[in-house]
file data00.cif (mmCIF, C-alpha atoms)
data_upload
loop_
_atom_site.label_atom_id
_atom_site.label_comp_id
_atom_site.auth_asym_id
_atom_site.auth_seq_id
_atom_site.Cartn_x
_atom_site.Cartn_y
_atom_site.Cartn_z
CA MET B 1 0.00 0.00 0.00
CA ASP B 2 1.43 3.35 -1.03
CA ARG B 3 1.38 6.18 1.41
CA SER B 4 -1.48 8.62 1.55
CA ASN B 5 -1.33 11.76 -0.55
CA PHE B 6 -1.29 13.59 2.77
CA ALA B 7 1.85 11.89 4.03
CA ILE B 8 4.05 14.96 3.96
CA ASP B 9 6.44 15.62 6.80
CA VAL B 10 6.22 19.11 8.21
CA PRO B 11 9.31 20.44 10.00
CA ASP B 12 8.82 21.16 13.69
CA SER B 13 10.23 24.64 13.21
CA LEU B 14 7.51 25.42 10.65
CA LEU B 15 4.81 24.15 12.99
CA GLN B 16 6.19 26.21 15.84
CA ARG B 17 6.19 29.32 13.70
CA ALA B 18 2.60 28.63 12.71
CA GLN B 19 1.66 28.07 16.33
CA ARG B 20 3.06 31.50 17.04
CA GLY B 21 0.70 32.87 14.43
CA GLU B 22 3.14 33.66 11.63
CA LEU B 23 1.21 34.22 8.44
CA ARG B 24 4.03 33.01 6.21
CA ALA B 25 4.18 29.73 8.12
CA PHE B 26 0.43 29.34 7.65
CA GLU B 27 0.88 29.85 3.95
CA GLN B 28 3.69 27.32 3.70
CA ILE B 29 1.54 24.70 5.40
CA TYR B 30 -1.38 25.62 3.19
CA ARG B 31 0.71 25.25 0.04
CA LEU B 32 2.00 21.86 1.18
CA PHE B 33 -1.45 20.43 1.72
CA GLU B 34 -3.85 22.33 -0.53
CA ARG B 35 -3.84 19.68 -3.26
CA PRO B 36 -4.27 16.63 -1.00
CA VAL B 37 -7.11 18.34 0.90
CA TYR B 38 -8.79 19.57 -2.26
CA SER B 39 -8.41 16.20 -3.96
CA LEU B 40 -9.89 14.33 -1.02
CA ALA B 41 -12.86 16.68 -0.90
CA LEU B 42 -13.31 16.53 -4.66
CA ARG B 43 -13.26 12.73 -4.74
CA LEU B 44 -15.75 12.42 -1.92
CA LEU B 45 -18.12 15.19 -2.94
CA ASN B 46 -17.64 15.23 -6.72
CA ASP B 47 -18.27 18.97 -6.65
CA ALA B 48 -15.48 21.46 -7.36
CA ASP B 49 -17.18 24.38 -5.55
CA ALA B 50 -17.88 22.30 -2.48
CA ALA B 51 -14.30 20.99 -2.53
CA ARG B 52 -12.97 24.54 -2.60
CA GLU B 53 -15.11 25.40 0.41
CA ILE B 54 -13.96 22.29 2.24
CA LEU B 55 -10.36 23.28 1.58
CA HIS B 56 -10.99 26.71 3.08
CA ASP B 57 -12.96 25.47 6.07
CA ALA B 58 -10.61 22.61 6.87
CA MET B 59 -7.54 24.83 6.72
CA LEU B 60 -9.20 27.49 8.81
CA LYS B 61 -10.16 24.92 11.41
CA LEU B 62 -6.62 23.57 11.34
CA PHE B 63 -5.11 26.96 12.09
CA GLN B 64 -7.72 27.73 14.73
CA ARG B 65 -6.78 24.54 16.56
CA LEU B 66 -3.08 24.53 15.88
CA ASP B 67 -2.23 25.15 19.51
CA GLN B 68 -3.97 21.88 20.37
CA PHE B 69 -1.60 19.83 18.24
CA ARG B 70 0.83 18.08 20.56
CA GLY B 71 2.77 16.00 18.04
CA ASP B 72 1.62 12.63 19.38
CA SER B 73 0.73 11.58 15.83
CA PRO B 74 1.81 12.83 12.42
CA PHE B 75 0.63 16.31 11.60
CA TRP B 76 -0.63 15.23 8.20
CA GLY B 77 -2.85 12.58 9.78
CA TRP B 78 -4.41 15.21 12.00
CA LEU B 79 -5.04 17.51 9.07
CA ARG B 80 -6.44 14.66 6.99
CA GLN B 81 -8.90 13.82 9.75
CA ILE B 82 -10.06 17.43 9.89
CA ALA B 83 -10.50 17.50 6.11
CA LEU B 84 -12.32 14.18 6.11
CA ASN B 85 -14.67 15.30 8.86
CA GLU B 86 -15.46 18.48 6.96
CA ALA B 87 -16.18 16.54 3.77
CA LEU B 88 -18.33 13.97 5.52
CA MET B 89 -20.23 16.71 7.30
CA ARG B 90 -20.96 18.26 3.93
CA LEU B 91 -22.12 14.93 2.55
CA ARG B 92 -24.53 14.53 5.45
CA LYS B 93 -25.68 18.12 5.21
CA ASP B 94 -26.40 17.76 1.52
CA ARG B 95 -28.08 14.43 2.25
CA ARG B 96 -25.85 12.86 -0.35
CA ILE B 97 -25.49 9.69 1.63
CA GLU B 98 -26.73 7.31 -1.02
CA PHE B 99 -24.77 4.16 -1.46
CA ASP B 100 -24.74 1.11 -3.65
CA ALA B 101 -27.07 -1.55 -2.27
CA SER B 102 -26.77 -3.94 -5.17
CA TYR B 103 -23.87 -6.16 -6.02
CA ASP B 104 -23.37 -7.98 -9.27
CA GLU B 105 -20.67 -10.55 -8.89
CA ILE B 106 -18.34 -10.43 -11.83
CA GLU B 107 -16.36 -13.49 -12.63
CA THR B 108 -14.15 -13.11 -15.61
CA GLU B 109 -10.66 -13.97 -16.62
CA ALA B 110 -10.29 -10.73 -18.55
CA PRO B 111 -8.06 -8.13 -16.97
CA PRO B 112 -10.03 -5.47 -15.13
CA PRO B 113 -10.72 -2.46 -17.33
CA TRP B 114 -8.96 0.04 -15.07
CA VAL B 115 -5.68 -1.64 -15.91
CA HIS B 116 -5.92 0.02 -19.30
CA ALA B 117 -8.23 2.88 -18.48
CA ASP B 118 -7.17 6.42 -19.05
CA GLY B 119 -7.13 8.52 -15.89
CA LEU B 120 -9.87 10.79 -17.14
CA VAL B 121 -12.11 7.86 -17.95
CA LEU B 122 -11.51 6.38 -14.53
CA GLU B 123 -12.30 9.72 -12.88
CA GLN B 124 -15.53 9.94 -14.83
CA ALA B 125 -16.52 6.42 -13.87
CA LEU B 126 -15.65 7.17 -10.25
CA SER B 127 -17.85 10.25 -10.31
CA ARG B 128 -20.82 8.14 -11.36
CA LEU B 129 -20.70 6.06 -8.19
CA PRO B 130 -23.04 6.94 -5.32
CA ALA B 131 -21.34 9.42 -2.99
CA LEU B 132 -20.96 7.12 -0.03
CA THR B 133 -19.76 4.21 -2.12
CA ARG B 134 -17.22 6.44 -3.83
CA SER B 135 -16.08 7.79 -0.46
CA VAL B 136 -15.55 4.33 0.99
CA LEU B 137 -13.69 3.20 -2.09
CA TRP B 138 -11.43 6.24 -2.01
CA LEU B 139 -10.72 6.13 1.70
CA TYR B 140 -9.92 2.45 1.57
CA HIS B 141 -7.84 2.30 -1.57
CA VAL B 142 -6.17 5.68 -1.76
CA GLU B 143 -5.97 6.99 1.78
CA GLY B 144 -5.35 3.58 3.30
CA TYR B 145 -8.04 3.70 5.96
CA SER B 146 -9.00 0.31 7.39
CA HIS B 147 -12.59 -0.91 7.35
CA PRO B 148 -13.05 -0.29 11.09
CA GLU B 149 -11.73 3.26 10.64
CA ILE B 150 -14.08 3.91 7.73
CA ALA B 151 -16.99 2.41 9.63
CA ASP B 152 -16.21 4.67 12.57
CA ALA B 153 -15.95 7.80 10.40
CA LEU B 154 -19.21 7.08 8.62
CA GLY B 155 -21.13 5.77 11.58
CA LYS B 156 -21.69 2.48 9.77
CA SER B 157 -20.67 -1.12 10.35
CA VAL B 158 -17.45 -2.75 9.27
CA SER B 159 -19.40 -5.07 6.99
CA PHE B 160 -20.97 -2.01 5.36
CA SER B 161 -17.52 -0.68 4.56
CA LYS B 162 -16.41 -4.02 3.15
CA SER B 163 -19.55 -4.39 1.06
CA GLN B 164 -19.17 -0.88 -0.36
CA VAL B 165 -15.60 -1.58 -1.43
CA ALA B 166 -16.74 -4.76 -3.19
CA ARG B 167 -19.83 -3.19 -4.72
CA GLY B 168 -18.04 -0.02 -5.69
CA THR B 169 -15.30 -2.02 -7.36
CA ALA B 170 -17.84 -4.10 -9.28
CA ARG B 171 -19.84 -1.04 -10.27
CA LEU B 172 -16.71 0.78 -11.37
CA ARG B 173 -15.79 -2.15 -13.52
CA GLY B 174 -19.24 -2.17 -15.04
CA PHE B 175 -19.03 1.54 -15.88
CA LEU B 176 -15.63 1.15 -17.47
CA ASP B 177 -16.63 -1.91 -19.45
CA SER B 178 -19.71 -0.20 -20.83
CA THR B 179 -18.01 3.10 -21.63
CA THR B 180 -15.05 1.52 -23.38
CA GLU B 181 -17.38 -0.67 -25.42
CA SER B 182 -19.80 2.09 -26.39
CA ASN B 183 -17.38 4.95 -26.69
CA PRO B 184 -13.78 4.02 -27.29
CA CYS B 185 -12.69 7.65 -27.70
CA LEU B 186 -13.80 9.11 -24.39
CA ILE B 187 -11.04 11.59 -24.12
CA ALA B 188 -12.25 13.36 -27.24
CA ASN B 189 -15.88 13.07 -26.06
CA PRO B 190 -15.88 13.36 -22.32
CA GLN B 191 -19.10 12.42 -20.61
CA PRO B 192 -20.87 15.05 -18.59
CA THR B 193 -20.59 14.43 -14.87
CA MET K 194 -4.37 -4.76 8.68
CA SER K 195 -5.92 -8.17 8.25
CA ASP K 196 -9.22 -6.78 6.99
CA ARG K 197 -7.36 -5.24 4.09
CA GLN K 198 -5.71 -8.50 3.11
CA SER K 199 -8.85 -10.58 3.27
CA ALA K 200 -10.79 -8.13 1.17
CA THR K 201 -8.11 -7.71 -1.40
CA ASP K 202 -8.48 -9.79 -4.51
CA LEU K 203 -6.96 -9.14 -7.88
CA ASN K 204 -9.61 -6.60 -8.84
CA ALA K 205 -9.39 -4.70 -5.58
CA ALA K 206 -5.62 -4.57 -5.77
CA THR K 207 -5.57 -3.26 -9.29
CA VAL K 208 -8.38 -0.77 -8.84
CA GLY K 209 -6.58 0.55 -5.79
CA ARG K 210 -3.44 1.07 -7.76
CA ALA K 211 -5.32 2.73 -10.60
CA LEU K 212 -7.07 5.11 -8.21
CA ARG K 213 -3.86 6.01 -6.42
CA GLU K 214 -2.27 6.83 -9.73
CA LEU K 215 -4.89 9.45 -10.50
CA PRO K 216 -3.22 12.86 -10.38
CA LEU K 217 -3.95 15.18 -7.48
CA ALA K 218 -6.51 17.83 -8.31
CA THR K 219 -5.41 21.44 -8.18
CA PRO K 220 -7.71 23.90 -6.42
CA PRO K 221 -8.63 27.14 -8.18
CA ASP K 222 -6.51 30.23 -7.58
CA GLY K 223 -7.35 32.60 -4.78
CA GLY K 224 -7.84 30.00 -2.07
CA TRP K 225 -4.94 31.22 0.02
CA ASP K 226 -5.97 34.87 -0.26
CA ALA K 227 -9.44 34.05 1.00
CA LEU K 228 -8.04 31.97 3.83
CA ALA K 229 -5.55 34.68 4.81
CA ALA K 230 -8.42 37.17 4.97
CA SER K 231 -10.35 34.82 7.25
CA LEU K 232 -7.32 34.32 9.47
CA ARG K 233 -6.87 38.08 9.79
CA ALA K 234 -10.55 38.62 10.49
CA GLN K 235 -10.39 36.10 13.31
CA GLY K 236 -7.25 37.63 14.77
CA LEU K 237 -5.26 34.44 14.33
CA VAL K 238 -2.33 36.14 12.65
CA ARG K 239 0.20 37.61 15.01
CA ASP K 240 3.29 37.98 12.89
CA THR K 241 2.81 39.98 9.75
CA ALA K 242 6.40 40.84 8.98
CA THR K 243 5.74 39.73 5.43
CA VAL K 244 2.50 41.59 4.91
CA GLY K 245 2.88 45.32 5.17
CA GLU K 246 -0.84 45.91 4.98
CA LEU K 247 -1.30 44.94 8.60
CA PRO K 248 0.55 47.49 10.66
CA ALA K 249 -1.50 46.95 13.80
CA LEU K 250 -0.76 43.25 13.96
CA GLU K 251 2.85 43.89 13.15
CA THR K 252 3.01 46.25 16.10
CA VAL K 253 1.67 43.56 18.39
CA HIS K 254 4.50 41.31 17.33
CA ALA K 255 7.13 43.99 17.46
CA ASP K 256 6.08 44.89 20.98
CA ALA K 257 6.08 41.31 22.16
CA SER K 258 8.61 42.01 24.86
CA GLY K 259 7.85 45.68 25.31
CA ASP K 260 5.57 47.79 27.40
CA PRO K 261 2.29 46.00 28.10
CA ALA K 262 0.39 49.26 27.84
CA THR K 263 1.65 49.65 24.31
CA ARG K 264 0.86 46.02 23.61
CA ARG K 265 -2.61 46.44 25.00
CA SER K 266 -3.37 49.39 22.82
CA ALA K 267 -1.90 47.57 19.84
CA ALA K 268 -4.05 44.57 20.60
CA ALA K 269 -7.10 46.80 20.69
CA ARG K 270 -6.23 48.09 17.24
CA THR K 271 -6.36 44.55 15.84
CA ARG K 272 -9.98 44.06 16.82
CA PRO K 273 -12.55 43.83 14.08
CA ALA K 274 -14.21 47.17 13.57
CA SER K 275 -17.14 47.63 15.90
CA PRO K 276 -19.46 50.51 16.71
CA ARG K 277 -18.01 50.74 20.20
CA ARG K 278 -14.46 51.21 19.05
CA GLY K 279 -14.63 54.97 18.88
CA ARG K 280 -15.43 55.42 22.52
CA LEU K 281 -12.70 53.15 23.80
CA TRP K 282 -10.82 56.01 25.42
CA VAL K 283 -13.67 56.78 27.80
CA PRO K 284 -13.79 53.46 29.63
CA ALA K 285 -10.03 53.09 29.38
CA ALA K 286 -9.49 56.37 31.19
CA LEU K 287 -12.24 55.51 33.63
CA ALA K 288 -10.77 52.09 34.26
CA ALA K 289 -7.33 53.55 34.85
CA GLY K 290 -8.70 56.05 37.34
CA LEU K 291 -10.74 53.44 39.11
CA ALA K 292 -7.77 51.12 39.23
CA LEU K 293 -5.75 53.78 41.02
CA LEU K 294 -8.60 54.34 43.43
CA ALA K 295 -8.89 50.64 44.07
CA ILE K 296 -5.21 50.38 44.77
CA ALA K 297 -5.56 53.13 47.35
CA LEU K 298 -8.60 51.53 48.99
CA VAL K 299 -7.95 47.85 48.80
CA PRO K 300 -5.11 46.24 50.72
CA MET K 301 -3.23 43.70 48.72
CA ASN K 302 -0.83 41.06 49.73
CA ARG K 303 2.31 42.07 47.95
CA ASP K 304 4.54 39.57 49.71
CA ALA K 305 3.37 36.40 48.03
CA VAL K 306 5.34 37.00 44.85
CA ALA K 307 8.01 39.60 44.45
CA PRO K 308 6.92 42.18 41.91
CA PRO K 309 9.03 42.74 38.84
CA PRO K 310 10.18 46.26 38.02
CA THR K 311 7.45 48.49 36.66
CA THR K 312 7.52 51.14 33.99
CA SER K 313 6.85 54.79 34.57
CA THR K 314 3.21 54.26 33.58
CA GLY K 315 2.71 51.74 36.31
CA SER K 316 2.47 48.80 33.98
CA ILE K 317 4.50 45.72 34.52
CA ALA K 318 7.78 45.84 32.69
CA ALA K 319 8.75 43.15 30.30
CA THR K 320 10.72 40.29 31.66
CA SER K 321 14.38 40.78 31.11
CA GLY K 322 15.85 38.81 28.27
CA ALA K 323 18.52 37.63 30.70
CA ASN K 324 15.99 35.67 32.70
CA VAL K 325 16.49 31.95 32.61
CA PRO K 326 13.65 29.84 31.13
CA THR K 327 12.67 28.42 34.51
CA ASP K 328 11.97 31.94 35.75
CA SER K 329 9.75 32.53 32.75
CA THR K 330 7.91 29.30 33.32
CA ALA K 331 7.38 30.09 36.98
CA GLU K 332 6.16 33.57 36.18
CA LEU K 333 3.80 32.21 33.55
CA ALA K 334 2.40 29.74 36.04
CA ALA K 335 2.02 32.50 38.62
CA LEU K 336 0.27 34.75 36.11
CA ARG K 337 -2.15 31.99 35.17
CA SER K 338 -2.83 31.25 38.79
CA GLU K 339 -3.41 34.90 39.56
CA SER K 340 -5.65 35.26 36.54
CA GLY K 341 -7.75 32.31 37.68
CA ARG K 342 -7.93 33.65 41.20
CA ILE K 343 -9.22 37.05 40.14
CA GLU K 344 -11.67 35.47 37.74
CA GLU K 345 -12.99 33.26 40.49
CA TRP K 346 -13.41 36.26 42.73
CA LEU K 347 -15.22 38.13 39.98
CA ARG K 348 -17.55 35.19 39.54
CA THR K 349 -18.34 35.26 43.23
CA LEU K 350 -19.01 38.96 42.99
CA LYS K 351 -21.24 38.50 39.98
CA ALA K 352 -23.40 35.88 41.67
CA ASP K 353 -25.26 38.47 43.65
CA GLU K 354 -24.42 41.62 41.83
CA THR K 355 -26.14 44.96 41.97
CA PRO K 356 -26.36 46.64 38.58
CA LEU K 357 -23.52 48.92 37.54
CA ASP K 358 -24.26 52.43 36.43
CA GLY K 359 -23.97 53.27 32.74
CA ARG K 360 -20.38 54.46 32.76
CA SER K 361 -19.12 51.59 34.86
CA LEU K 362 -21.03 49.11 32.76
CA MET K 363 -19.50 50.56 29.63
CA ALA K 364 -16.03 50.37 31.16
CA ALA K 365 -16.58 46.81 32.31
CA THR K 366 -17.83 45.78 28.90
CA GLU K 367 -14.85 47.30 27.15
CA ILE K 368 -12.43 45.60 29.52
CA GLU K 369 -14.18 42.27 29.07
CA ASP K 370 -13.91 42.70 25.30
CA MET K 371 -10.19 43.37 25.60
CA ILE K 372 -9.79 40.28 27.75
CA GLY K 373 -11.65 38.32 25.11
CA LEU K 374 -9.26 39.58 22.47
CA ILE K 375 -6.30 38.49 24.53
CA ASP K 376 -7.90 35.07 25.00
CA LEU K 377 -8.23 34.81 21.24
CA GLN K 378 -4.55 35.60 20.81
CA LEU K 379 -3.61 33.14 23.52
CA ALA K 380 -5.71 30.46 21.87
CA ALA K 381 -3.93 31.06 18.59
CA GLY K 382 -0.45 30.98 20.07
CA SER K 383 1.77 28.44 21.74
CA ASP K 384 2.04 27.81 25.45
CA THR K 385 5.43 29.35 25.88
CA GLY K 386 7.42 32.31 24.76
CA SER K 387 7.61 35.97 25.55
CA ASP K 388 4.45 36.70 23.56
CA THR K 389 2.41 34.41 25.74
CA GLN K 390 3.92 35.77 28.92
CA ALA K 391 3.23 39.35 27.94
CA LEU K 392 -0.34 38.46 26.99
CA TRP K 393 -0.92 36.82 30.35
CA ARG K 394 0.47 39.90 32.08
CA ASP K 395 -1.96 42.04 30.12
CA ARG K 396 -4.76 39.68 31.02
CA VAL K 397 -4.01 39.93 34.72
CA GLU K 398 -3.80 43.71 34.47
CA LEU K 399 -7.14 43.89 32.71
CA LEU K 400 -8.76 41.58 35.23
CA ARG K 401 -7.53 43.87 37.98
CA ASP K 402 -8.99 46.83 36.10
CA LEU K 403 -12.26 44.97 35.82
CA ALA K 404 -12.23 44.12 39.50
CA ALA K 405 -11.49 47.74 40.27
CA VAL K 406 -14.44 48.93 38.20
CA ARG K 407 -16.82 46.60 39.95
CA THR K 408 -15.37 47.01 43.40
CA THR K 409 -15.01 50.76 43.33
CA TYR K 410 -18.54 51.27 42.18
CA SER K 411 -19.76 49.05 44.93
CA LEU K 412 -17.59 50.73 47.52
CA ALA K 413 -18.75 54.13 46.43
CA GLY K 414 -22.38 53.12 46.69
CA THR K 415 -22.57 50.84 49.68
CA GLY K 416 -19.19 50.55 51.26
CA VAL K 417 -19.02 46.84 50.50
CA ALA K 418 -18.77 44.72 47.40
CA ALA K 419 -21.93 44.05 45.49
CA ASN K 420 -22.40 40.65 47.05
CA GLY K 421 -21.63 41.88 50.53
CA TYR K 422 -18.26 40.16 50.63
CA ALA K 423 -14.90 41.79 51.03
CA ALA K 424 -14.37 44.40 48.40
CA ALA K 425 -11.46 42.53 46.83
CA PRO K 426 -9.62 39.29 47.44
CA ASP K 427 -7.09 39.83 50.17
CA THR K 428 -4.64 37.47 48.59
CA TRP K 429 -4.06 39.18 45.28
CA ASN K 430 -0.54 38.77 44.14
CA THR K 431 1.31 41.58 42.61
CA LEU K 432 3.29 40.09 39.79
#
call {"tool": "encode", "arguments": {"input": "data00.cif", "output": "structure tokens"}}
result
Amino acid sequence: MDRSNFAIDVPDSLLQRAQRGELRAFEQIYRLFERPVYSLALRLLNDADAAREILHDAMLKLFQRLDQFRGDSPFWGWLRQIALNEALMRLRKDRRIEFDASYDEIETEAPPPWVHADGLVLEQALSRLPALTRSVLWLYHVEGYSHPEIADALGKSVSFSKSQVARGTARLRGFLDSTTESNPCLIANPQPT
Amino acid sequence: MSDRQSATDLNAATVGRALRELPLATPPDGGWDALAASLRAQGLVRDTATVGELPALETVHADASGDPATRRSAAARTRPASPRRGRLWVPAALAAGLALLAIALVPMNRDAVAPPPTTSTGSIAATSGANVPTDSTAELAALRSESGRIEEWLRTLKADETPLDGRSLMAATEIEDMIGLIDLQLAAGSDTGSDTQALWRDRVELLRDLAAVRTTYSLAGTGVAANGYAAAPDTWNTL
């Protein structure tokens, strides 16, 4: 498992300067993490405006609470949790908590379509997943959260998290199979999201 | 992570890799500017050496080890604009006068902690840079303790409080606002350092001003504190 996009070490001296309220230190931390925070929010919410707001709110909350950070765990993990909480709060607020309740078992010897899929096509397929399913898939595969951690963050069961990973994977495969069959030139004709 | 291994088949492994290889998204421009504005509005920025457009905040930083009176006035300048800002001098002058009166009327225990040298304005002078860290830590602890003690006494006084007159109420409100501003700065800063120490000194000074406003009014009206207790705690430390 690769490390999270957030796994960036922040020098203690930079943190101390930020804890003293130095604007330049704030900016340096912001620049380090703006893309991981924005990407996480964008993947979970599938909404660029909402992701921008999450980036702002999460960073503001981070700096408001910076004096509470004691260094017991990595700084990036703390920031990621703040960003995740903000994004999940937005999902709940927008009532976008739909998830995939169906599961079509796929048994095939063919290589999975994402092996050859273009990044843009994969992003588009990902955006078509229900918000909660997409969130679970992203947190599990990209951010490396365990099923118990995801279940805890979402207020769901561990089996729910596991089922969403399986169903999301199957659904993603279905989307990619159908899009590559029906439209082999997706980059030239991107689908609306 | 056993749950990861058991759930990972060929598909899951490859989809995970494909997802991780997606490029990070780049947020639109202007995000930092908006955040910086929010940080300023909330008073979370205390060092603006790199942003010349914030002279008031810069002054707070520059005066970190200087005269608390200067720091206090600088801190007041960093507050978000409010309708009351223009009449700040009235309660400030009133509070200063009342504080002097309170000092004359109320006996204080000055032996508990030796007072540091004071400036010509009566404010507590900054701790000398030659002080060893343990002295700073002890003074910080003493300031916090004193702050808590005065607050506790004020709470006792408030429990059965007679109303203040208009001018005293205005002075008390202004002082409470200034204490709130200091609390905001303390919340945004670290637990140590000369900034923190100076802020705590200011806080104690303001609490004494607040106590003086309440006590003096009560003494003037009834001869006793509003709740009938002693007019001021007899164990105040002079730091």
call {"tool": "atom_distance", "arguments": {"input": "data00.cif", "atom1": "CA of Pro220 (chain K)", "atom2": "CA of Leu32 (chain B)"}}
result
12.5 Å
call {"tool": "resolve_selection", "arguments": {"input": "data00.cif", "expression": "the PyMOL selection byres ((chain B) within 7 of (chain K))", "output": "VMD selection string"}}
result
chain B and resid 19 to 24 35 to 36 38 to 39 52 56 60 64 67 112 114 to 115 119 141 to 142 146 to 147 169
call {"tool": "write_last_selection", "arguments": {"input": "data00.cif", "atoms": "C-alpha atoms", "output": "short mmCIF file (atom, residue, chain, number, x, y, z; two decimals), in the frame of the given file"}}
result
data_model
loop_
_atom_site.label_atom_id
_atom_site.label_comp_id
_atom_site.auth_asym_id
_atom_site.auth_seq_id
_atom_site.Cartn_x
_atom_site.Cartn_y
_atom_site.Cartn_z
CA GLN B 19 1.66 28.07 16.33
CA ARG B 20 3.06 31.50 17.04
CA GLY B 21 0.70 32.87 14.43
CA GLU B 22 3.14 33.66 11.63
CA LEU B 23 1.21 34.22 8.44
CA ARG B 24 4.03 33.01 6.21
CA ARG B 35 -3.84 19.68 -3.26
CA PRO B 36 -4.27 16.63 -1.00
CA TYR B 38 -8.79 19.57 -2.26
CA SER B 39 -8.41 16.20 -3.96
CA ARG B 52 -12.97 24.54 -2.60
CA HIS B 56 -10.99 26.71 3.08
CA LEU B 60 -9.20 27.49 8.81
CA GLN B 64 -7.72 27.73 14.73
CA ASP B 67 -2.23 25.15 19.51
CA PRO B 112 -10.03 -5.47 -15.13
CA TRP B 114 -8.96 0.04 -15.07
CA VAL B 115 -5.68 -1.64 -15.91
CA GLY B 119 -7.13 8.52 -15.89
CA HIS B 141 -7.84 2.30 -1.57
CA VAL B 142 -6.17 5.68 -1.76
CA SER B 146 -9.00 0.31 7.39
CA HIS B 147 -12.59 -0.91 7.35
CA THR B 169 -15.30 -2.02 -7.36
#
call {"tool": "resolve_selection", "arguments": {"input": "data00.cif", "expression": "the PyMOL selection byres ((chain B and resi 76-88) around 9)", "output": "PyMOL selection string"}}
result
chain B and resi 6-10+33+36-38+40-42+44-45+50-51+54-55+57-59+61-62+69+73-75+89-93+135+153-154
call {"tool": "atom_distance", "arguments": {"input": "data00.cif", "atom1": "CA of Arg65 (chain B)", "atom2": "CA of Trp393 (chain K)"}}
result
19.4 Å
call {"tool": "resolve_selection", "arguments": {"input": "data00.cif", "expression": "the PyMOL selection byres ((chain B and resi 172) around 9)", "output": "PyMOL selection string"}}
result
(chain B and resi 114+122+125-126+128-129+167-171+173-177) or (chain K and resi 208)
call {"tool": "closest_residue", "arguments": {"input": "data00.cif", "among": "B:Val165, B:Tyr30, B:Gln16, B:Pro148", "to": "Gln68 (chain B)", "atoms": "all atoms listed in the file"}}
result
B:Gln16
